[in-house]
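One structure below.
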Number of protein chains: 2
Amino acid sequence: MKLFTVGPVACRPEVLEEMSSQMFSHRSEDYKELHRETVERLRRFLETENQVFLFPSSGSGVMEGTVRNCVERKMLCCINGEFGKRYARVGESNGKEVERLEVELGKSITPESLDELLSSSPDVEAVAITYNETSVGLLNPLPELAKVVKKHGKLLFVDAVSAMGGVELKVDEWGIDVGFTSSQKCFGVPPGLALASVSEEALKRSERAKDKGWYFDFKLYEKYQQEGSSTHMTPPIPQILALNKELEIIEQEGGKQKRFKLYSERMQKIKQGIKALGLSLFPEPGYESPTVGCVNAPEGISGLEVYERMRERGFELAKGYGKLKERTFRIGNMGYIRLEDVAEMLQALAEAAK
Amino acid sequence: MKLFTVGPVACRPEVLEEMSSQMFSHRSEDYKELHRETVERLRRFLETENQVFLFPSSGSGVMEGTVRNCVERKMLCCINGEFGKRYARVGESNGKEVERLEVELGKSITPESLDELLSSSPDVEAVAITYNETSVGLLNPLPELAKVVKKHGKLLFVDAVSAMGGVELKVDEWGIDVGFTSSQKCFGVPPGLALASVSEEALKRSERAKDKGWYFDFKLYEKYQQEGSSTHMTPPIPQILALNKELEIIEQEGGKQKRFKLYSERMQKIKQGIKALGLSLFPEPGYESPTVGCVNAPEGISGLEVYERMRERGFELAKGYGKLKERTFRIGNMGYIRLEDVAEMLQALAEAAK
């Protein structure tokens, strides 16, 4: 089965090989070296002087972390799909007040609407933005949105789960306080690890946070990283080995720009193929995601049907998400996908979408 | 390097092979089947009708889960080492009042002292017990302690991190409300996964818990498991594949009693070897752990020195923990260790402890 999933995604053989390494202690020198190297590679990748922490959790664990460490009372969640909604639910389930900036599915969050809302709600402490909304295949205009957040002097949390590693994310230049992803998306590593850049200001908020818990306490991540290049609990060593290997490969292949170019080339091919079949993408033009293609189902066939037909042909795409289950199907463009795989997948789609 | 660590421990080749499987979606039928099979195997292993959930976290994540789902105001932590202390810290960092039943390092928690404390503190809602205290190599008398907890009608949380899989743990018979471990201890799987049995009563408490958060919400684990044999976030699929394989091997080898016998045989050999070298174990006689040997350092040599000398000879033991760093070293007896490895390790120790 060839994977065009939205995560977990296909991993390259060198990465899978790392996963089967024999284990060793997370308090050993070997582990400390691995931890330091991985963190330094990530800091270069994200162009940041901020700390980068490794979390034994999925990306949603870091959502919970931002809420508990950095929000005292109230946050704002920008919502144009399921993962924006999840952020709001995580906020509320942790006892925070959540203001919502919600737009119709398929539309992007605009800087103007965010500016307006922040002007009328000055008591918001932090803004959460889903960079790439996986559920609808839409990339929000993060650099512009970040400027608005910073103009209002708010903390900025970026759910970069299906973006980091496949699309540019400049943490310091854009002013991101916490930017996070999980291993099983654009980095093409198996699931079980999350990572986040955390700013000085976010750590200051954590310092004075009450009842923030232990597991996601940013100050504990900082302490254990600085004092022992490790974490305060046992980390998922296989996924860290695998991520470090993938980051090494990215460097050897010529750096992140080359990787982003590959993502953009593959998505270009997918878009052309879809267009040639008379199909269209769901999001408003100009905001289509480079990592997830959310395709409107052909007339007379449901998205689920296309998904099933593609499985029969040896290709695992992704079903439409939530309300869009029937109306769309999704083509993931993350992880280990070769250009010839894209061509084969599009050939199969030509039959499946008939 | 041969591992006699206290986790992550050495994994058998078949388990490591599972770790390098190509990934697939956690919403696919393949995943659902894996999830169901693993959970059913665990329920049989633990002899429980309770639900068993899989957590994308370390074991300490489940500590946080018990505190947030099941304790409204106050809990009691039994402490005879670092991991009992950790439970108390997790309780307090989540805003709960923590009563402590703390005994001298090396002593076990006694049913009498627990009974006394519960009689004088009727407002305690739940009791947390570390079954096997890894830091001092001591097995607390859980069946007797559990009886006391149940007599007082309290919830019982059991940190079985370095016990489950190597020592008997009868969830229903003993009345354990939440019993948990992580993958990288007695099950001999790489780190990145935790698992817990959760009783009906624990789920009822979760239902009425306020501000319990999203990531460790037991009711969400229940919902996603019942409705879709999955989790509400992406699970660490490689570790679940590996755990399922290890559980299959345990069944094929003749069941859990046979596995416990192996653990006990290995520890018997380790104890005999230590005695022959004129060394002794740290905990009070009768409570020595079958999974972790905490050995008093020989006269004139620090525990750290023994640890280093063993490394030079190709054996990774574990350093003494916390206050016992100088006075002890530890020999882990978890995961993939063959009887001939034990013999070789003891030979090396004869030189290292001179």
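Going by the structure tokens order, chains are called A, B, ..., each with residues numbered from 1, while ligands are numbered from 1 in the order shown.
Residues surrounding Phe4 in chain B within 7 Å are B:Glu316, B:Leu317, B:Ile331, B:Gly332, B:Asn333 [only C-alpha atoms; sequence separation below 6 positions excluded].
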Note to self: Just list as a PyMOL selection string whatever in range 172-294 of chain B DSSP marks as alpha helix (DSSP H).
What the structure shows: chain B and resi 172-174+200-208+218-228+237-252+256-276
Note to self: With only C-alpha atoms considered, list every residue of chain B at most 9 Å from chain A, as a ChimeraX atom specification.
What the structure shows: /B:3,5-13,15-26,55-61,63-64,89-96,184,189-193,210-215,233-239,316,318
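Atom pair CA of Pro141 in chain A / CA of Ser108 in chain A has a distance of 7.6 Å (rounded to one decimal).
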Check: Which of range 18-192 of chain A counts as strand (DSSP E) under DSSP, as a PyMOL selection string please?
Finding: chain A and resi 51-55+74-79+97-102+126-130+132-133+138-139+155-159+178-182
